[in-house]
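A.B. asks: Below you will find the structure I want to go over with you.
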Amino acid sequence: MSRRCELTGKGPMSGNNVSHANNKTKRRFLPNLNDVSLQSETLGRAFKMRISAAALRTVDHRGGLDRFLAKAKDSELSANALKIKKDIQKAQASA
């Protein structure tokens, strides 16, 4: 399982630990990933995803998974999220 957010594409970053003596050693900053179930209003079912806490706040701010995916760039989404986005678009087009 990769350490990458399925909705925003946020992943590990690298940097330095800096000691009091100003010694620098490499370190990794990992994203705050959570396993959540997000409800799609259009499809009427829940999807399990591994997303960052920042992405979860953004989903709530935009008004749900359907609206978040409508605005999201396809390049940032995982394959699973891209499939959900296409299914939502099909359902909205037929309704």
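Ordering of the structure tokens sets the chain letters (A, B, ...); residue numbers start at 1 within each chain; ligands are numbered from 1 in the order shown.
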Near Ala81 of chain A, counting only C-alpha atoms, which residues have an atom at most 12 Å away, once you skip same-chain residues fewer than 5 positions from it, shown as a ChimeraX atom specification?
C.D. replies: /A:5-9,38,40,47-51,65-66,68-70,72-76,86-88
A.B. asks: Can I get the selected residues back with C-alpha atoms, as an mmCIF file, in the first residue's frame?
C.D. replies:
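out.cif written:
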```cif
data_model
loop_
_atom_site.group_PDB
_atom_site.id
_atom_site.type_symbol
_atom_site.label_atom_id
_atom_site.label_comp_id
_atom_site.auth_asym_id
_atom_site.auth_seq_id
_atom_site.Cartn_x
_atom_site.Cartn_y
_atom_site.Cartn_z
ATOM 1 C CA CYS A 5 -3.531 10.228 -0.974
ATOM 2 C CA GLU A 6 -6.055 8.816 -3.461
ATOM 3 C CA LEU A 7 -7.773 12.173 -4.004
ATOM 4 C CA THR A 8 -5.030 14.807 -3.935
ATOM 5 C CA GLY A 9 -1.944 12.779 -4.867
ATOM 6 C CA LEU A 38 -17.006 8.368 1.654
ATOM 7 C CA SER A 40 -21.566 9.207 -3.058
ATOM 8 C CA PHE A 47 -16.410 3.923 -1.182
ATOM 9 C CA LYS A 48 -13.425 3.047 1.023
ATOM 10 C CA MET A 49 -10.403 5.239 0.375
ATOM 11 C CA ARG A 50 -7.083 6.144 1.930
ATOM 12 C CA ILE A 51 -6.923 9.933 1.921
ATOM 13 C CA LEU A 65 -17.405 13.333 -2.669
ATOM 14 C CA ASP A 66 -19.387 14.010 -5.859
ATOM 15 C CA PHE A 68 -14.979 17.172 -4.925
ATOM 16 C CA LEU A 69 -14.413 14.744 -7.803
ATOM 17 C CA ALA A 70 -16.167 17.071 -10.251
ATOM 18 C CA ALA A 72 -10.547 17.459 -9.130
ATOM 19 C CA LYS A 73 -7.857 17.128 -11.804
ATOM 20 C CA ASP A 74 -7.648 13.677 -13.363
ATOM 21 C CA SER A 75 -3.839 13.668 -13.055
ATOM 22 C CA GLU A 76 -4.005 13.864 -9.239
ATOM 23 C CA LYS A 86 -16.399 8.434 -14.422
ATOM 24 C CA ASP A 87 -19.273 6.417 -12.871
ATOM 25 C CA ILE A 88 -20.669 9.568 -11.225
#
```
A.B. asks: Give me every alpha helix (DSSP H) residue in chain A, going by DSSP on the backbone, as a ChimeraX atom specification.
C.D. replies: /A:53-62,65-71,79-94
A.B. asks: Residues near Ala54 of chain A, anyone? I mean within 10 Å using only C-alpha atoms, not counting same-chain ones fewer than 5 positions away, as a ChimeraX atom specification.
C.D. replies: /A:5,8,10,31-33,59
A.B. asks: Could you write those residues out with N, CA, C and O atoms, as a PDB file, in the first residue's frame?
C.D. replies:
```pdb
ATOM      1  N   CYS A   5      -2.107   9.920  -1.087  1.00  0.00           N
ATOM      2  CA  CYS A   5      -3.531  10.228  -0.974  1.00  0.00           C
ATOM      3  C   CYS A   5      -4.214   9.907  -2.304  1.00  0.00           C
ATOM      4  O   CYS A   5      -3.711  10.275  -3.368  1.00  0.00           O
ATOM      5  N   THR A   8      -5.863  13.636  -3.637  1.00  0.00           N
ATOM      6  CA  THR A   8      -5.030  14.807  -3.935  1.00  0.00           C
ATOM      7  C   THR A   8      -3.669  14.442  -4.510  1.00  0.00           C
ATOM      8  O   THR A   8      -2.975  15.308  -5.035  1.00  0.00           O
ATOM      9  N   LYS A  10      -1.145  13.670  -2.750  1.00  0.00           N
ATOM     10  CA  LYS A  10      -0.128  14.087  -1.779  1.00  0.00           C
ATOM     11  C   LYS A  10       0.657  12.861  -1.314  1.00  0.00           C
ATOM     12  O   LYS A  10       0.076  11.848  -0.944  1.00  0.00           O
ATOM     13  N   PRO A  31       2.598  11.976   4.670  1.00  0.00           N
ATOM     14  CA  PRO A  31       1.281  12.603   4.758  1.00  0.00           C
ATOM     15  C   PRO A  31       0.424  11.926   5.819  1.00  0.00           C
ATOM     16  O   PRO A  31       0.616  10.741   6.124  1.00  0.00           O
ATOM     17  N   ASN A  32      -0.508  12.671   6.383  1.00  0.00           N
ATOM     18  CA  ASN A  32      -1.399  12.160   7.423  1.00  0.00           C
ATOM     19  C   ASN A  32      -2.561  11.424   6.750  1.00  0.00           C
ATOM     20  O   ASN A  32      -3.601  12.009   6.462  1.00  0.00           O
ATOM     21  N   LEU A  33      -2.361  10.119   6.466  1.00  0.00           N
ATOM     22  CA  LEU A  33      -3.358   9.337   5.736  1.00  0.00           C
ATOM     23  C   LEU A  33      -4.315   8.630   6.684  1.00  0.00           C
ATOM     24  O   LEU A  33      -3.911   8.123   7.727  1.00  0.00           O
ATOM     25  N   VAL A  59     -13.066  17.756   1.080  1.00  0.00           N
ATOM     26  CA  VAL A  59     -14.286  17.067   0.648  1.00  0.00           C
ATOM     27  C   VAL A  59     -15.482  17.627   1.411  1.00  0.00           C
ATOM     28  O   VAL A  59     -16.528  17.924   0.818  1.00  0.00           O
TER      29      VAL A  59
END
```
A.B. asks: Taking only C-alpha atoms into account, which of A:Asn34, A:Val18, A:Lys83, A:Arg28 comes nearest Arg57 of chain A?
C.D. replies: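 Smallest separation from Arg57 of chain A among the options: A:Asn34.
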A.B. asks: I want to know what sits within 9 Å of Gly15 of chain A, based on only C-alpha atoms, with residues of the same chain fewer than 6 positions away left out; could you give that as a list of chain:residue names?
C.D. replies: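 The residues satisfying every condition are A:Thr25, A:Lys26, A:Arg27, A:Arg28, A:Phe29.
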A.B. asks: Can you work out the spacing between atom CA of Asn80 of chain A and atom CA of Ala95 of chain A in Å, to one decimal?
C.D. replies: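 Result for atom CA of Asn80 of chain A versus atom CA of Ala95 of chain A: 22.9 Å, one decimal.
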A.B. asks: For a test of reading the model, state the distance in Å between atom CA of Leu43 of chain A and atom CA of Arg3 of chain A, rounded to one decimal.
C.D. replies: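 Computing it gives 27.4 Å between the two atoms.
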A.B. asks: What's the separation between atom CA of Gly64 of chain A and atom CA of Glu41 of chain A, in Å to one decimal place?
C.D. replies: 8.1 Å
A.B. asks: Write out as number ranges by chain the set of residues from chain A that DSSP, computed on the backbone, places in strand (DSSP E).
C.D. replies: A: 13-18, 24-29, 33-40, 45-52
A.B. asks: Please produce an output containing C-alpha atoms for each residue in the selection, written as a PDB file, in the first residue's frame.
C.D. replies:
```
ATOM      1  CA  MET A  13       8.403  14.632   0.981  1.00  0.00           C
ATOM      2  CA  SER A  14      12.053  14.736   1.999  1.00  0.00           C
ATOM      3  CA  GLY A  15      13.929  17.207   4.131  1.00  0.00           C
ATOM      4  CA  ASN A  16      16.470  17.485   6.924  1.00  0.00           C
ATOM      5  CA  ASN A  17      16.533  16.918  10.664  1.00  0.00           C
ATOM      6  CA  VAL A  18      18.529  19.833  12.029  1.00  0.00           C
ATOM      7  CA  LYS A  24      21.726  17.847   9.083  1.00  0.00           C
ATOM      8  CA  THR A  25      20.485  14.318   8.427  1.00  0.00           C
ATOM      9  CA  LYS A  26      17.928  13.277   5.829  1.00  0.00           C
ATOM     10  CA  ARG A  27      14.349  12.504   6.890  1.00  0.00           C
ATOM     11  CA  ARG A  28      10.935  11.921   5.325  1.00  0.00           C
ATOM     12  CA  PHE A  29       7.743  13.864   5.955  1.00  0.00           C
ATOM     13  CA  LEU A  33      -3.358   9.337   5.736  1.00  0.00           C
ATOM     14  CA  ASN A  34      -6.639   7.950   7.068  1.00  0.00           C
ATOM     15  CA  ASP A  35      -8.821   5.045   5.936  1.00  0.00           C
ATOM     16  CA  VAL A  36     -12.314   6.454   5.429  1.00  0.00           C
ATOM     17  CA  SER A  37     -15.593   5.540   3.751  1.00  0.00           C
ATOM     18  CA  LEU A  38     -17.006   8.368   1.654  1.00  0.00           C
ATOM     19  CA  GLN A  39     -20.645   8.382   0.542  1.00  0.00           C
ATOM     20  CA  SER A  40     -21.566   9.207  -3.058  1.00  0.00           C
ATOM     21  CA  ARG A  45     -23.177   3.917  -2.016  1.00  0.00           C
ATOM     22  CA  ALA A  46     -19.994   4.282   0.015  1.00  0.00           C
ATOM     23  CA  PHE A  47     -16.410   3.923  -1.182  1.00  0.00           C
ATOM     24  CA  LYS A  48     -13.425   3.047   1.023  1.00  0.00           C
ATOM     25  CA  MET A  49     -10.403   5.239   0.375  1.00  0.00           C
ATOM     26  CA  ARG A  50      -7.083   6.144   1.930  1.00  0.00           C
ATOM     27  CA  ILE A  51      -6.923   9.933   1.921  1.00  0.00           C
ATOM     28  CA  SER A  52      -5.070  12.690   3.750  1.00  0.00           C
TER      29      SER A  52
END
```
